[in-house]
Amino acid sequence: MISHRTSRRLERWGLSGAGPLASSATAWLARELTRRRATSVAGPLVRIAAGAPGPSAGRALAALDRMSADPEVFGEIAFQCLLQSGGPHSDQSARVWSSVAAPLLLAPTPPGRHVPHVRLIAFLDAGPEPAGGRDVRERLVSSLVMGASSDSPRREDLQDLLSTTDHPLILDALAAPWRRPHFLPDPLAAEAAVANPHLVPRERDDVLLAVAKGRLDLIDDEHAGTADALVRGTGLTGTGLAERYRRSLRRLGPGAARERVCELAQRRSYPDHVEPLAAAIDAGYLPADERKRVLFLYRTEQWERYESADPDGQLLYEIWLESHRSHDWYLHNLSDVISEAARRAGRADPLDRYLATRPVRDTDPDGPRPARHRPIGGISGAWGDSGSVHT
């Protein structure tokens, strides 16, 4: 932490590297870093080194370069470089990267355990553990991968490092976004992950990465989650990969994944239902169970195939009736979904057939239809309702 006295000095001198006190400020900061290993001054020195060219910028960069050989200090220097060069593109962040971060972090080093042979990789390999241990390394790796994001300008030297390194910490960070169930990798980081020959997908739970890397042999047709991952992958529109996931959705063999595609295709409330719907129709997928098959064809409005599967509409009516009489809210709601599909397509509503079989009641023939009964639950039970009555 910066002491109160140091903080007052920095405020008084300023950090731009310009002005009458700039040279004294830079000299003092450099001494603090090189003699006392005061990592708290690394941030100000990075800003001065990225400032206007001149003696102060040169002195600051020289001090940072000299102390980058010390693992206990380099971690903070590297973090400050990545922190100040990250985020949305600006002239300042561009200068920090080109004049400070890249020269310090990507400086060549003798061959080590992992490639490329640059100072940052050597630090990640350094033993014994630097101050802060693995946490320092993980913080650096996270900032490094975040630097290759759509929020930051494209940096070819950074993309090259991420695309070629075999360091396990960086590979893990590149793979992590592909394995999160509700997220997608950033386009630039995804590009590096696909290009990196050392990043190998795992079996079954690495569907997104497997397709991106062309490892279609790892696609598990017997795992329902495969379909969800492929549908999610169609959202990688900024990477040029979306079409690969669409093709994979249409090439599933019989099994749980194909059944899941058919299930998702029927869910109009599902945000991405358009993709599984298109895939199921294009590939001619059908659920294995006959009743599910009839319902699927009806809800996806494949009318010719539906009429061949259920020519007299009896199977659909039985499904509707079972749903209508169910006390399970989710199953009961299916009858409404079927009726809505019928009305939307201008087809006979099973509700009309059902009402036609009920006894005639002494009601106004021009009045409204009888209300549908629904199961009653939740707070209404506190007032004595035990549920709806189905006739």
# chains A, B, ... in the order shown; residues from 1 in each chain; ligands from 1
call {"tool": "residues_around", "arguments": {"residues": "A:Ser308", "least_positions_apart": "5", "cutoff": "12 Å", "atoms": "only C-alpha atoms", "output": "PyMOL selection string"}}
result
chain A and resi 293-294+297-298+302-303+313+315
call {"tool": "write_last_selection", "arguments": {"atoms": "C-alpha atoms", "output": "PDB file, in the first residue's frame"}}
result
ATOM      1  CA  ARG A 293     -43.866 -37.345 -32.099  1.00  0.00           C
ATOM      2  CA  VAL A 294     -47.471 -36.306 -32.752  1.00  0.00           C
ATOM      3  CA  LEU A 297     -45.252 -32.219 -35.328  1.00  0.00           C
ATOM      4  CA  TYR A 298     -48.329 -30.303 -34.215  1.00  0.00           C
ATOM      5  CA  GLN A 302     -45.436 -29.487 -39.768  1.00  0.00           C
ATOM      6  CA  TRP A 303     -48.966 -30.155 -40.912  1.00  0.00           C
ATOM      7  CA  GLY A 313     -56.583 -36.219 -34.648  1.00  0.00           C
ATOM      8  CA  LEU A 315     -53.853 -39.036 -30.507  1.00  0.00           C
TER       9      LEU A 315
END
call {"tool": "residues_around", "arguments": {"residues": "A:Leu106", "least_positions_apart": "4", "cutoff": "8 Å", "atoms": "only C-alpha atoms", "output": "VMD selection string"}}
result
chain A and resid 101 to 102 118 to 120
call {"tool": "write_last_selection", "arguments": {"atoms": "all heavy atoms", "output": "CSV table (one decimal), in the first residue's frame"}}
result
chain,number,residue,atom,x,y,z
A,101,ALA,N,4.0,-1.8,-21.8
A,101,ALA,CA,3.5,-3.2,-21.5
A,101,ALA,C,4.2,-4.2,-22.4
A,101,ALA,O,4.8,-5.2,-22.0
A,101,ALA,CB,2.0,-3.3,-21.6
A,102,ALA,N,4.1,-4.0,-23.7
A,102,ALA,CA,4.7,-5.0,-24.7
A,102,ALA,C,6.2,-5.1,-24.5
A,102,ALA,O,6.7,-6.2,-24.5
A,102,ALA,CB,4.2,-4.6,-26.1
A,118,VAL,N,9.3,-15.5,-23.4
A,118,VAL,CA,9.2,-14.1,-23.1
A,118,VAL,C,9.1,-13.9,-21.6
A,118,VAL,O,8.9,-14.9,-20.9
A,118,VAL,CB,8.0,-13.4,-23.8
A,118,VAL,CG1,8.1,-13.5,-25.3
A,118,VAL,CG2,6.7,-14.1,-23.3
A,119,ARG,N,9.3,-12.7,-21.2
A,119,ARG,CA,9.5,-12.4,-19.7
A,119,ARG,C,8.2,-12.8,-19.0
A,119,ARG,O,8.3,-13.4,-17.9
A,119,ARG,CB,9.8,-11.0,-19.5
A,119,ARG,CG,10.0,-10.6,-18.1
A,119,ARG,CD,10.4,-9.1,-18.1
A,119,ARG,NE,11.8,-8.8,-18.4
A,119,ARG,CZ,12.2,-7.6,-18.8
A,119,ARG,NH1,11.4,-6.6,-18.9
A,119,ARG,NH2,13.5,-7.5,-19.0
A,120,LEU,N,7.0,-12.6,-19.5
A,120,LEU,CA,5.8,-12.9,-18.8
A,120,LEU,C,5.7,-14.4,-18.5
A,120,LEU,O,5.3,-14.9,-17.5
A,120,LEU,CB,4.6,-12.4,-19.5
A,120,LEU,CG,3.2,-12.8,-18.9
A,120,LEU,CD1,3.1,-12.1,-17.6
A,120,LEU,CD2,2.1,-12.4,-19.9
call {"tool": "residues_around", "arguments": {"residues": "A:Asp186", "least_positions_apart": "3", "cutoff": "8 Å", "atoms": "only C-alpha atoms", "output": "PyMOL selection string"}}
result
chain A and resi 149-150+189-190
call {"tool": "write_last_selection", "arguments": {"atoms": "N, CA and C atoms", "output": "PDB file, in the first residue's frame"}}
result
ATOM      1  N   SER A 149      -9.981  -8.854 -25.724  1.00  0.00           N
ATOM      2  CA  SER A 149     -11.437  -8.844 -25.737  1.00  0.00           C
ATOM      3  C   SER A 149     -11.921  -7.775 -26.689  1.00  0.00           C
ATOM      4  N   SER A 150     -13.199  -7.843 -27.017  1.00  0.00           N
ATOM      5  CA  SER A 150     -13.764  -6.879 -27.956  1.00  0.00           C
ATOM      6  C   SER A 150     -13.820  -5.476 -27.377  1.00  0.00           C
ATOM      7  N   ALA A 189     -10.711 -13.569 -27.890  1.00  0.00           N
ATOM      8  CA  ALA A 189     -10.175 -14.673 -27.099  1.00  0.00           C
ATOM      9  C   ALA A 189     -10.535 -16.012 -27.743  1.00  0.00           C
ATOM     10  N   ALA A 190     -11.726 -16.090 -28.332  1.00  0.00           N
ATOM     11  CA  ALA A 190     -12.132 -17.314 -29.017  1.00  0.00           C
ATOM     12  C   ALA A 190     -11.230 -17.586 -30.213  1.00  0.00           C
TER      13      ALA A 190
END
call {"tool": "closest_residue", "arguments": {"among": "A:Tyr245, A:Phe296, A:Trp97, A:Phe123", "to": "A:Asp157", "atoms": "only C-alpha atoms"}}
result
A:Trp97
call {"tool": "select_by_dssp", "arguments": {"residues": "stretch 199-253 of chain A", "states": "helix (DSSP H, G or I)", "output": "ChimeraX atom specification"}}
result
/A:207-212,216-218,225-233,237-239,242-249
call {"tool": "atom_distance", "arguments": {"atom1": "atom CA of A:Ala30", "atom2": "atom CA of A:Pro55"}}
result
12.6 Å
call {"tool": "closest_residue", "arguments": {"among": "A:Ala224, A:Ala309, A:Val231, A:Ala257", "to": "A:His273", "atoms": "only C-alpha atoms"}}
result
A:Val231
call {"tool": "residues_around", "arguments": {"residues": "A:Arg204", "least_positions_apart": "6", "cutoff": "7 Å", "atoms": "only C-alpha atoms", "output": "list in words"}}
result
Leu218, Ile219 and Asp220 of chain A
call {"tool": "residues_around", "arguments": {"residues": "A:Glu191", "least_positions_apart": "6", "cutoff": "10 Å", "atoms": "only C-alpha atoms", "output": "NGL selection string"}}
result
:A and (148 or 159 or 162-163 or 185 or 212 or 238-241)
call {"tool": "write_last_selection", "arguments": {"atoms": "N, CA, C and O atoms", "output": "compact mmCIF listing (two decimals), in the first residue's frame"}}
result
# COMPACT_ATOMS: atom_id res chain seq x y z
N ALA A 148 -7.42 -9.42 -24.47
CA ALA A 148 -7.80 -9.86 -25.81
C ALA A 148 -9.31 -9.97 -25.86
O ALA A 148 -9.88 -11.05 -25.99
N GLN A 159 -2.29 -11.37 -29.38
CA GLN A 159 -2.98 -12.49 -30.02
C GLN A 159 -2.00 -13.60 -30.35
O GLN A 159 -2.31 -14.79 -30.20
N LEU A 162 -1.17 -15.56 -27.12
CA LEU A 162 -2.27 -16.42 -26.69
C LEU A 162 -2.49 -17.58 -27.66
O LEU A 162 -2.94 -18.65 -27.26
N SER A 163 -2.17 -17.38 -28.91
CA SER A 163 -2.40 -18.40 -29.93
C SER A 163 -1.30 -19.45 -29.98
O SER A 163 -1.50 -20.50 -30.61
N PRO A 185 -17.48 -17.27 -25.10
CA PRO A 185 -16.19 -16.59 -25.10
C PRO A 185 -16.21 -15.33 -25.96
O PRO A 185 -16.99 -15.22 -26.91
N ALA A 212 -15.52 -26.07 -32.20
CA ALA A 212 -14.66 -24.98 -32.68
C ALA A 212 -13.31 -25.51 -33.15
O ALA A 212 -12.73 -24.98 -34.11
N GLY A 238 -19.79 -13.34 -33.87
CA GLY A 238 -18.65 -12.51 -34.20
C GLY A 238 -17.39 -13.27 -34.49
O GLY A 238 -16.34 -12.68 -34.73
N THR A 239 -17.44 -14.58 -34.47
CA THR A 239 -16.24 -15.40 -34.62
C THR A 239 -16.20 -16.19 -35.91
O THR A 239 -15.18 -16.80 -36.22
N GLY A 240 -17.29 -16.22 -36.64
CA GLY A 240 -17.34 -17.05 -37.83
C GLY A 240 -17.57 -18.51 -37.52
O GLY A 240 -17.50 -19.38 -38.40
N LEU A 241 -17.88 -18.83 -36.24
CA LEU A 241 -18.06 -20.22 -35.83
C LEU A 241 -19.52 -20.66 -35.80
O LEU A 241 -19.80 -21.85 -35.72
call {"tool": "closest_residue", "arguments": {"among": "A:Ala348, A:Ala229, A:Leu321, A:Leu286", "to": "A:Arg305", "atoms": "only C-alpha atoms"}}
result
A:Leu286
call {"tool": "closest_residue", "arguments": {"among": "A:Pro311, A:Gly75, A:Pro116, A:Pro187", "to": "A:Ser40", "atoms": "only C-alpha atoms"}}
result
A:Gly75
call {"tool": "atom_distance", "arguments": {"atom1": "atom CA of A:Arg251", "atom2": "atom CA of A:His198"}}
result
27.1 Å
call {"tool": "closest_residue", "arguments": {"among": "A:Ile338, A:Leu124, A:Leu252, A:Ala25", "to": "A:Leu216", "atoms": "only C-alpha atoms"}}
result
A:Leu252
call {"tool": "residues_around", "arguments": {"residues": "A:Gln92", "least_positions_apart": "4", "cutoff": "10 Å", "atoms": "only C-alpha atoms", "output": "list in words"}}
result
Arg47, Ala50, Gly51, Gln84, Ser85, Val96 and Trp97 of chain A
call {"tool": "atom_distance", "arguments": {"atom1": "atom CA of A:Arg244", "atom2": "atom CA of A:Ala256"}}
result
20.3 Å
call {"tool": "closest_residue", "arguments": {"among": "A:Arg260, A:Arg37, A:His89, A:Arg250", "to": "A:Ile77", "atoms": "only C-alpha atoms"}}
result
A:Arg37
